[in-house]
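structure02.cif (mmCIF, N, CA and C atoms) appears below.
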data_run
#
loop_
_atom_site.label_atom_id
_atom_site.label_comp_id
_atom_site.auth_asym_id
_atom_site.auth_seq_id
_atom_site.Cartn_x
_atom_site.Cartn_y
_atom_site.Cartn_z
N MET A 294 -7.77 -19.21 -10.27
CA MET A 294 -9.05 -18.56 -10.18
C MET A 294 -9.85 -18.95 -11.43
N THR A 295 -10.98 -19.53 -11.21
CA THR A 295 -11.80 -19.98 -12.33
C THR A 295 -13.23 -19.48 -12.12
N ILE A 296 -13.84 -19.10 -13.22
CA ILE A 296 -15.25 -18.68 -13.17
C ILE A 296 -16.10 -19.93 -12.99
N ASP A 297 -16.93 -19.96 -11.95
CA ASP A 297 -17.81 -21.12 -11.77
C ASP A 297 -19.10 -20.91 -12.57
N LYS A 298 -19.94 -21.92 -12.57
CA LYS A 298 -21.15 -21.91 -13.41
C LYS A 298 -22.09 -20.77 -13.03
N ALA A 299 -22.28 -20.54 -11.73
CA ALA A 299 -23.20 -19.48 -11.28
C ALA A 299 -22.68 -18.10 -11.71
N ASP A 300 -21.37 -17.89 -11.58
CA ASP A 300 -20.79 -16.61 -12.00
C ASP A 300 -20.93 -16.42 -13.51
N ALA A 301 -20.66 -17.47 -14.25
CA ALA A 301 -20.78 -17.41 -15.72
C ALA A 301 -22.22 -17.09 -16.12
N GLU A 302 -23.19 -17.67 -15.43
CA GLU A 302 -24.60 -17.41 -15.74
C GLU A 302 -24.97 -15.96 -15.45
N ARG A 303 -24.47 -15.41 -14.34
CA ARG A 303 -24.75 -14.01 -14.01
C ARG A 303 -24.16 -13.07 -15.06
N ILE A 304 -22.92 -13.35 -15.44
CA ILE A 304 -22.27 -12.51 -16.47
C ILE A 304 -23.02 -12.63 -17.79
N ALA A 305 -23.36 -13.84 -18.19
CA ALA A 305 -24.07 -14.05 -19.46
C ALA A 305 -25.42 -13.34 -19.46
N GLN A 306 -26.12 -13.37 -18.33
CA GLN A 306 -27.42 -12.69 -18.25
C GLN A 306 -27.23 -11.18 -18.35
N ALA A 307 -26.21 -10.66 -17.72
CA ALA A 307 -25.94 -9.21 -17.78
C ALA A 307 -25.60 -8.79 -19.21
N VAL A 308 -24.80 -9.60 -19.90
CA VAL A 308 -24.44 -9.30 -21.29
C VAL A 308 -25.69 -9.35 -22.17
N HIS A 309 -26.53 -10.35 -21.95
CA HIS A 309 -27.79 -10.46 -22.70
C HIS A 309 -28.68 -9.24 -22.45
N ASP A 310 -28.71 -8.75 -21.20
CA ASP A 310 -29.50 -7.57 -20.89
C ASP A 310 -28.97 -6.34 -21.62
N LEU A 311 -27.64 -6.28 -21.79
CA LEU A 311 -27.05 -5.15 -22.52
C LEU A 311 -27.25 -5.27 -24.03
N ARG A 312 -27.17 -6.49 -24.53
CA ARG A 312 -27.33 -6.76 -25.97
C ARG A 312 -28.34 -7.90 -26.14
N PRO A 313 -29.62 -7.61 -26.18
CA PRO A 313 -30.66 -8.65 -26.26
C PRO A 313 -30.50 -9.58 -27.47
N GLU A 314 -29.83 -9.13 -28.51
CA GLU A 314 -29.64 -10.00 -29.68
C GLU A 314 -28.58 -11.08 -29.45
N TRP A 315 -27.84 -10.99 -28.34
CA TRP A 315 -26.86 -12.02 -27.99
C TRP A 315 -27.52 -12.95 -26.97
N PRO A 316 -27.86 -14.16 -27.33
CA PRO A 316 -28.53 -15.08 -26.40
C PRO A 316 -27.64 -15.42 -25.20
N THR A 317 -28.27 -15.55 -24.06
CA THR A 317 -27.55 -15.90 -22.83
C THR A 317 -26.75 -17.19 -23.03
N GLN A 318 -27.36 -18.18 -23.67
CA GLN A 318 -26.69 -19.47 -23.87
C GLN A 318 -25.43 -19.32 -24.73
N SER A 319 -25.45 -18.43 -25.70
CA SER A 319 -24.26 -18.20 -26.54
C SER A 319 -23.10 -17.64 -25.72
N VAL A 320 -23.41 -16.70 -24.83
CA VAL A 320 -22.37 -16.11 -23.98
C VAL A 320 -21.84 -17.17 -23.02
N LEU A 321 -22.74 -18.00 -22.46
CA LEU A 321 -22.32 -19.09 -21.57
C LEU A 321 -21.38 -20.05 -22.30
N THR A 322 -21.71 -20.40 -23.53
CA THR A 322 -20.89 -21.31 -24.33
C THR A 322 -19.53 -20.68 -24.60
N LEU A 323 -19.51 -19.39 -24.91
CA LEU A 323 -18.26 -18.68 -25.15
C LEU A 323 -17.35 -18.78 -23.92
N ILE A 324 -17.90 -18.52 -22.75
CA ILE A 324 -17.11 -18.58 -21.51
C ILE A 324 -16.65 -20.01 -21.24
N ALA A 325 -17.55 -20.97 -21.39
CA ALA A 325 -17.23 -22.37 -21.09
C ALA A 325 -16.16 -22.93 -22.01
N ASN A 326 -16.14 -22.51 -23.26
CA ASN A 326 -15.21 -23.07 -24.25
C ASN A 326 -13.92 -22.28 -24.38
N SER A 327 -13.73 -21.24 -23.61
CA SER A 327 -12.52 -20.42 -23.70
C SER A 327 -11.75 -20.48 -22.40
N ASP A 328 -10.63 -21.22 -22.43
CA ASP A 328 -9.80 -21.32 -21.23
C ASP A 328 -9.34 -19.94 -20.76
N ASP A 329 -9.00 -19.07 -21.73
CA ASP A 329 -8.52 -17.74 -21.36
C ASP A 329 -9.60 -16.91 -20.69
N LEU A 330 -10.87 -17.15 -20.96
CA LEU A 330 -11.95 -16.43 -20.30
C LEU A 330 -12.33 -17.07 -18.97
N ARG A 331 -12.37 -18.40 -18.93
CA ARG A 331 -12.75 -19.12 -17.71
C ARG A 331 -11.78 -18.86 -16.57
N THR A 332 -10.53 -18.58 -16.89
CA THR A 332 -9.53 -18.41 -15.83
C THR A 332 -9.35 -16.95 -15.42
N ARG A 333 -10.11 -16.07 -16.00
CA ARG A 333 -10.05 -14.66 -15.61
C ARG A 333 -10.75 -14.44 -14.27
N ALA A 334 -10.43 -13.34 -13.63
CA ALA A 334 -11.14 -12.94 -12.42
C ALA A 334 -12.58 -12.57 -12.81
N TYR A 335 -13.51 -12.86 -11.94
CA TYR A 335 -14.94 -12.60 -12.19
C TYR A 335 -15.16 -11.15 -12.63
N ARG A 336 -14.62 -10.23 -11.86
CA ARG A 336 -14.83 -8.82 -12.16
C ARG A 336 -14.22 -8.44 -13.51
N ASP A 337 -13.02 -8.95 -13.81
CA ASP A 337 -12.36 -8.63 -15.08
C ASP A 337 -13.20 -9.11 -16.27
N LEU A 338 -13.69 -10.32 -16.18
CA LEU A 338 -14.48 -10.86 -17.28
C LEU A 338 -15.80 -10.09 -17.43
N ALA A 339 -16.43 -9.76 -16.32
CA ALA A 339 -17.69 -9.01 -16.37
C ALA A 339 -17.47 -7.63 -16.99
N VAL A 340 -16.39 -6.94 -16.60
CA VAL A 340 -16.11 -5.61 -17.14
C VAL A 340 -15.81 -5.70 -18.63
N ALA A 341 -14.98 -6.65 -19.02
CA ALA A 341 -14.60 -6.77 -20.43
C ALA A 341 -15.81 -7.10 -21.31
N LEU A 342 -16.63 -8.05 -20.87
CA LEU A 342 -17.81 -8.40 -21.66
C LEU A 342 -18.82 -7.25 -21.71
N ALA A 343 -18.96 -6.52 -20.62
CA ALA A 343 -19.88 -5.37 -20.63
C ALA A 343 -19.37 -4.30 -21.60
N TRP A 344 -18.05 -4.09 -21.62
CA TRP A 344 -17.46 -3.12 -22.55
C TRP A 344 -17.76 -3.53 -24.00
N VAL A 345 -17.50 -4.80 -24.29
CA VAL A 345 -17.72 -5.30 -25.65
C VAL A 345 -19.21 -5.19 -26.00
N ALA A 346 -20.08 -5.52 -25.07
CA ALA A 346 -21.52 -5.45 -25.35
C ALA A 346 -21.98 -4.02 -25.60
N CYS A 347 -21.36 -3.07 -24.97
CA CYS A 347 -21.77 -1.66 -25.14
C CYS A 347 -21.12 -1.00 -26.35
N ASP A 348 -20.14 -1.66 -26.94
CA ASP A 348 -19.45 -1.09 -28.11
C ASP A 348 -20.24 -1.44 -29.38
N SER A 349 -20.65 -0.43 -30.11
CA SER A 349 -21.48 -0.66 -31.30
C SER A 349 -20.72 -1.38 -32.41
N ASP A 350 -19.37 -1.39 -32.34
CA ASP A 350 -18.58 -2.11 -33.35
C ASP A 350 -18.56 -3.62 -33.11
N SER A 351 -19.00 -4.05 -31.94
CA SER A 351 -18.99 -5.48 -31.61
C SER A 351 -20.18 -6.16 -32.26
N LEU A 352 -19.87 -7.17 -33.07
CA LEU A 352 -20.95 -7.93 -33.71
C LEU A 352 -21.32 -9.16 -32.91
N THR A 353 -20.34 -9.73 -32.20
CA THR A 353 -20.59 -10.92 -31.37
C THR A 353 -19.85 -10.76 -30.05
N PRO A 354 -20.25 -11.52 -29.01
CA PRO A 354 -19.52 -11.46 -27.74
C PRO A 354 -18.12 -12.04 -27.85
N GLY A 355 -17.87 -12.83 -28.91
CA GLY A 355 -16.55 -13.43 -29.11
C GLY A 355 -15.45 -12.40 -29.29
N ARG A 356 -15.81 -11.16 -29.57
CA ARG A 356 -14.82 -10.10 -29.74
C ARG A 356 -14.00 -9.90 -28.46
N VAL A 357 -14.56 -10.32 -27.34
CA VAL A 357 -13.87 -10.15 -26.07
C VAL A 357 -12.54 -10.91 -26.03
N ARG A 358 -12.40 -11.94 -26.86
CA ARG A 358 -11.15 -12.72 -26.90
C ARG A 358 -10.02 -11.98 -27.60
N GLU A 359 -10.36 -10.91 -28.32
CA GLU A 359 -9.33 -10.11 -28.98
C GLU A 359 -8.66 -9.18 -27.97
N SER A 360 -7.49 -8.71 -28.34
CA SER A 360 -6.82 -7.71 -27.52
C SER A 360 -7.48 -6.37 -27.80
N GLY A 361 -8.04 -5.77 -26.80
CA GLY A 361 -8.74 -4.51 -27.00
C GLY A 361 -8.75 -3.67 -25.74
N PRO A 362 -9.33 -2.49 -25.82
CA PRO A 362 -9.33 -1.59 -24.66
C PRO A 362 -10.10 -2.15 -23.46
N TRP A 363 -10.97 -3.12 -23.69
CA TRP A 363 -11.73 -3.70 -22.57
C TRP A 363 -10.83 -4.41 -21.59
N TRP A 364 -9.70 -4.95 -22.03
CA TRP A 364 -8.78 -5.61 -21.10
C TRP A 364 -7.89 -4.59 -20.39
N ALA A 365 -7.69 -3.44 -20.99
CA ALA A 365 -6.86 -2.42 -20.34
C ALA A 365 -7.54 -1.85 -19.11
N HIS A 366 -8.85 -1.96 -19.03
CA HIS A 366 -9.58 -1.40 -17.91
C HIS A 366 -9.91 -2.43 -16.84
N THR A 367 -9.30 -3.56 -16.91
CA THR A 367 -9.47 -4.58 -15.86
C THR A 367 -8.14 -4.71 -15.14
N ASN A 368 -8.19 -4.90 -13.86
CA ASN A 368 -6.93 -4.98 -13.13
C ASN A 368 -6.97 -5.88 -11.91
N ALA A 369 -7.95 -6.72 -11.77
CA ALA A 369 -8.00 -7.58 -10.59
C ALA A 369 -6.82 -8.54 -10.55
N GLN A 370 -6.29 -8.90 -11.71
CA GLN A 370 -5.18 -9.85 -11.73
C GLN A 370 -3.83 -9.17 -11.81
N ARG A 371 -3.80 -7.84 -11.83
CA ARG A 371 -2.53 -7.12 -11.83
C ARG A 371 -2.00 -7.02 -10.42
N ALA A 372 -0.70 -6.93 -10.31
CA ALA A 372 -0.08 -6.73 -9.00
C ALA A 372 -0.37 -5.31 -8.53
N THR A 373 -0.47 -5.14 -7.24
CA THR A 373 -0.70 -3.82 -6.69
C THR A 373 0.50 -3.41 -5.85
N VAL A 374 0.68 -2.14 -5.70
CA VAL A 374 1.76 -1.60 -4.90
C VAL A 374 1.14 -0.84 -3.74
N SER A 375 1.68 -1.04 -2.59
CA SER A 375 1.18 -0.36 -1.42
C SER A 375 2.32 0.36 -0.73
N ALA A 376 2.10 1.57 -0.31
CA ALA A 376 3.12 2.34 0.39
C ALA A 376 2.50 2.95 1.64
N VAL A 377 3.22 2.85 2.72
CA VAL A 377 2.77 3.44 3.97
C VAL A 377 3.76 4.54 4.32
N THR A 378 3.26 5.73 4.52
CA THR A 378 4.12 6.86 4.86
C THR A 378 4.05 7.08 6.36
N THR A 379 5.20 7.11 6.99
CA THR A 379 5.28 7.40 8.41
C THR A 379 5.10 8.90 8.59
N ARG A 380 4.19 9.28 9.44
CA ARG A 380 3.88 10.69 9.66
C ARG A 380 4.73 11.28 10.78
N CYS A 381 5.02 12.56 10.67
CA CYS A 381 5.76 13.29 11.71
C CYS A 381 4.90 13.30 12.97
N PRO A 382 5.45 12.93 14.12
CA PRO A 382 4.64 12.92 15.34
C PRO A 382 4.22 14.32 15.78
N GLU A 383 5.00 15.35 15.43
CA GLU A 383 4.66 16.72 15.80
C GLU A 383 3.72 17.39 14.80
N HIS A 384 3.85 17.00 13.51
CA HIS A 384 3.06 17.61 12.44
C HIS A 384 2.48 16.50 11.57
N PRO A 385 1.36 15.88 11.98
CA PRO A 385 0.83 14.69 11.30
C PRO A 385 0.49 14.88 9.83
N ALA A 386 0.33 16.11 9.38
CA ALA A 386 0.03 16.33 7.96
C ALA A 386 1.27 16.15 7.09
N ARG A 387 2.43 16.06 7.72
CA ARG A 387 3.70 15.96 6.98
C ARG A 387 4.29 14.56 7.11
N ALA A 388 5.05 14.16 6.09
CA ALA A 388 5.79 12.89 6.16
C ALA A 388 6.95 13.09 7.13
N ALA A 389 7.27 12.07 7.90
CA ALA A 389 8.32 12.19 8.90
C ALA A 389 9.68 12.49 8.28
N TRP A 390 9.95 11.94 7.13
CA TRP A 390 11.26 12.12 6.50
C TRP A 390 11.43 13.48 5.85
N ASN A 391 10.32 14.24 5.70
CA ASN A 391 10.40 15.51 4.98
C ASN A 391 9.49 16.55 5.62
N CYS A 392 9.67 16.80 6.89
CA CYS A 392 8.83 17.77 7.60
C CYS A 392 9.55 19.11 7.64
N PRO A 393 9.06 20.11 6.88
CA PRO A 393 9.76 21.40 6.86
C PRO A 393 9.75 22.12 8.20
N GLU A 394 8.69 21.93 8.98
CA GLU A 394 8.64 22.59 10.29
C GLU A 394 9.74 22.05 11.21
N CYS A 395 9.93 20.74 11.20
CA CYS A 395 10.96 20.15 12.05
C CYS A 395 12.37 20.49 11.54
N LYS A 396 12.52 20.58 10.22
CA LYS A 396 13.83 20.95 9.67
C LYS A 396 14.19 22.38 10.03
N ALA A 397 13.18 23.24 10.18
CA ALA A 397 13.42 24.65 10.48
C ALA A 397 13.91 24.85 11.91
N VAL A 398 13.57 23.93 12.79
CA VAL A 398 14.00 24.03 14.18
C VAL A 398 15.46 23.58 14.26
N THR A 399 16.32 24.47 14.77
CA THR A 399 17.74 24.11 14.85
C THR A 399 18.05 23.64 16.26
N ALA A 400 18.84 22.63 16.34
CA ALA A 400 19.26 22.10 17.63
C ALA A 400 20.41 22.96 18.15
N PRO A 401 20.52 23.12 19.46
CA PRO A 401 21.63 23.91 20.00
C PRO A 401 22.96 23.21 19.73
N MET A 402 24.01 24.01 19.55
CA MET A 402 25.34 23.46 19.32
C MET A 402 25.82 22.76 20.58
N PRO A 403 26.35 21.56 20.43
CA PRO A 403 26.87 20.87 21.61
C PRO A 403 28.12 21.57 22.14
N GLU A 404 28.35 21.39 23.44
CA GLU A 404 29.53 22.00 24.06
C GLU A 404 30.79 21.45 23.40
N GLY A 405 31.75 22.31 23.19
CA GLY A 405 33.03 21.88 22.63
C GLY A 405 33.02 21.80 21.12
N PHE A 406 31.89 22.13 20.50
CA PHE A 406 31.81 22.06 19.05
C PHE A 406 32.21 23.39 18.47
N LYS A 407 33.13 23.36 17.55
CA LYS A 407 33.57 24.57 16.88
C LYS A 407 33.14 24.47 15.43
N ALA A 408 32.76 25.59 14.86
CA ALA A 408 32.28 25.60 13.47
C ALA A 408 33.31 24.97 12.55
N GLY A 409 32.85 24.07 11.71
CA GLY A 409 33.72 23.45 10.72
C GLY A 409 34.49 22.24 11.24
N LEU A 410 34.39 21.97 12.52
CA LEU A 410 35.10 20.82 13.09
C LEU A 410 34.10 19.79 13.58
N GLU A 411 34.47 18.56 13.46
CA GLU A 411 33.61 17.51 13.99
C GLU A 411 33.94 17.28 15.45
N LEU A 412 32.95 16.83 16.19
CA LEU A 412 33.20 16.46 17.58
C LEU A 412 34.10 15.24 17.61
N LYS A 413 35.08 15.29 18.46
CA LYS A 413 35.93 14.11 18.61
C LYS A 413 35.34 13.28 19.73
N ARG A 414 35.09 12.06 19.43
CA ARG A 414 34.50 11.16 20.42
C ARG A 414 35.61 10.55 21.27
N ARG A 415 35.28 10.45 22.55
CA ARG A 415 36.23 9.78 23.44
C ARG A 415 36.16 8.29 23.19
N PRO A 416 37.30 7.61 23.18
CA PRO A 416 37.27 6.16 22.99
C PRO A 416 36.55 5.50 24.16
N ARG A 417 35.79 4.50 23.86
CA ARG A 417 35.08 3.77 24.91
C ARG A 417 36.07 2.87 25.65
N ALA A 418 35.82 2.75 26.93
CA ALA A 418 36.62 1.83 27.71
C ALA A 418 36.20 0.42 27.35
N LEU A 419 37.14 -0.46 27.30
CA LEU A 419 36.81 -1.83 26.94
C LEU A 419 35.89 -2.47 27.98
N HIS A 420 36.16 -2.19 29.24
CA HIS A 420 35.34 -2.75 30.31
C HIS A 420 34.98 -1.62 31.26
N PRO A 421 33.89 -0.90 30.98
CA PRO A 421 33.55 0.23 31.84
C PRO A 421 33.23 -0.25 33.25
N GLN A 422 33.68 0.54 34.22
CA GLN A 422 33.46 0.19 35.62
C GLN A 422 32.26 0.98 36.14
N PRO A 423 31.38 0.33 36.91
CA PRO A 423 30.24 1.05 37.45
C PRO A 423 30.69 2.07 38.50
N VAL A 424 29.93 3.14 38.63
CA VAL A 424 30.23 4.16 39.62
C VAL A 424 29.74 3.65 40.97
N VAL A 425 30.64 3.65 41.94
CA VAL A 425 30.29 3.18 43.29
C VAL A 425 29.84 4.40 44.08
N THR A 426 28.67 4.33 44.67
CA THR A 426 28.11 5.45 45.42
C THR A 426 27.88 5.01 46.85
N ASP A 427 28.28 5.86 47.77
CA ASP A 427 28.04 5.60 49.19
C ASP A 427 26.62 6.06 49.47
N LEU A 428 25.69 5.10 49.56
CA LEU A 428 24.28 5.42 49.71
C LEU A 428 23.98 6.16 51.01
N ASP A 429 24.67 5.81 52.09
CA ASP A 429 24.41 6.49 53.36
C ASP A 429 24.79 7.96 53.27
N ALA A 430 25.93 8.26 52.64
CA ALA A 430 26.36 9.66 52.51
C ALA A 430 25.39 10.41 51.58
N LEU A 431 24.92 9.75 50.55
CA LEU A 431 23.99 10.38 49.62
C LEU A 431 22.67 10.69 50.32
N ARG A 432 22.15 9.75 51.11
CA ARG A 432 20.90 9.98 51.83
C ARG A 432 21.05 11.13 52.82
N GLN A 433 22.17 11.17 53.51
CA GLN A 433 22.43 12.21 54.49
C GLN A 433 22.46 13.58 53.82
N ARG A 434 23.13 13.67 52.66
CA ARG A 434 23.21 14.93 51.94
C ARG A 434 21.84 15.37 51.44
N MET A 435 21.03 14.41 50.92
CA MET A 435 19.70 14.73 50.42
C MET A 435 18.79 15.19 51.57
N ASP A 436 18.92 14.56 52.73
CA ASP A 436 18.12 14.98 53.89
C ASP A 436 18.49 16.38 54.32
N GLN A 437 19.78 16.72 54.28
CA GLN A 437 20.23 18.06 54.65
C GLN A 437 19.66 19.09 53.65
N GLU A 438 19.71 18.76 52.34
CA GLU A 438 19.22 19.69 51.33
C GLU A 438 17.71 19.87 51.45
N ALA A 439 16.99 18.82 51.80
CA ALA A 439 15.54 18.91 51.94
C ALA A 439 15.15 19.72 53.17
N GLY A 440 15.95 19.63 54.20
CA GLY A 440 15.64 20.32 55.45
C GLY A 440 16.09 21.76 55.40
N ALA A 441 16.95 22.11 54.51
CA ALA A 441 17.49 23.46 54.48
C ALA A 441 16.57 24.45 53.84
#
Mind turning the file's structure into structure tokens?
Amino acid sequence: MTIDKADAERIAQAVHDLRPEWPTQSVLTLIANSDDLRTRAYRDLAVALAWVACDSDSLTPGRVRESGPWWAHTNAQRATVSAVTTRCPEHPARAAWNCPECKAVTAPMPEGFKAGLELKRRPRALHPQPVVTDLDALRQRMDQEAGA
């Protein structure tokens, strides 16, 4: 990311407007001759130079090359962190992983569960067989139940 000539001119004009005693051409020369300034993000350089221009302790725009509070307030080149929280489908104001309303609802105890004991799972059959259903008998039974 490099500051182009048009961006440098806009920044230099803004700095000159803030500090009329600093000529626009001087600020342009400062930016053009400083690799560390030319490679900054446009917004970062503009913020830092505006800070320096507004600071009464600054005698020249070259102060921006020093380590100072003006760089602490720029962050276009810093990494950002983004987090997306999944919301509870029943209570959208709550995070799904920590919804007190849903935690308060207790599920019914499964059949065969005794307090303090874990459910014993039945071993799975290696090759489960499909259930064979006599469709004609099933239809006949359903017709009888519907007619009754």
Inset, instruction - Would you work out the distance separating atom N of Thr295 (chain A) from atom C of Pro316 (chain A), expressed in Å to one decimal? - result: 22.1 Å
Inset, instruction - Check which residues satisfy the PyMOL selection byres (((chain A and resi 342 and name CA) around 9) and name CA) in the file shown, then give them as a ChimeraX atom specification. - result: /A:304-305,308,337-341,343-347,354,356-357,363
Inset, instruction - Find the distance between CA of Asp350 (chain A) and atom C of Ala301 (chain A) and write it in Å to one decimal. - result: 23.1 Å
Legend entry - Using all atoms listed in the file: which of A:Ile296, A:Pro362, A:Ala307, A:Ser319 has the shortest distance to Arg331 (chain A):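 Between A:Ile296, A:Pro362, A:Ala307, A:Ser319, the residue approaching Arg331 (chain A) most closely is A:Ile296.
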Inset, instruction - Considering only C-alpha atoms, return as a list of chain:residue names whatever protein or nucleic-acid residues lie within 12 Å of Thr378 (chain A), sequence-local ones (same chain, fewer than 4 positions apart) excluded. - result: A:Pro385, A:Ala386, A:Arg387, A:Ala388, A:Ala389, A:Trp390, A:Asn391
Legend entry - Residue set, region 314-362 of chain A restricted to helix (DSSP H, G or I), as a PyMOL selection string: chain A and resi 317-325+328-331+335-347+354-358+362
Legend entry - Between atom C of Gly361 (chain A) and atom C of Ala299 (chain A), distance in Å (one decimal): 24.5 Å
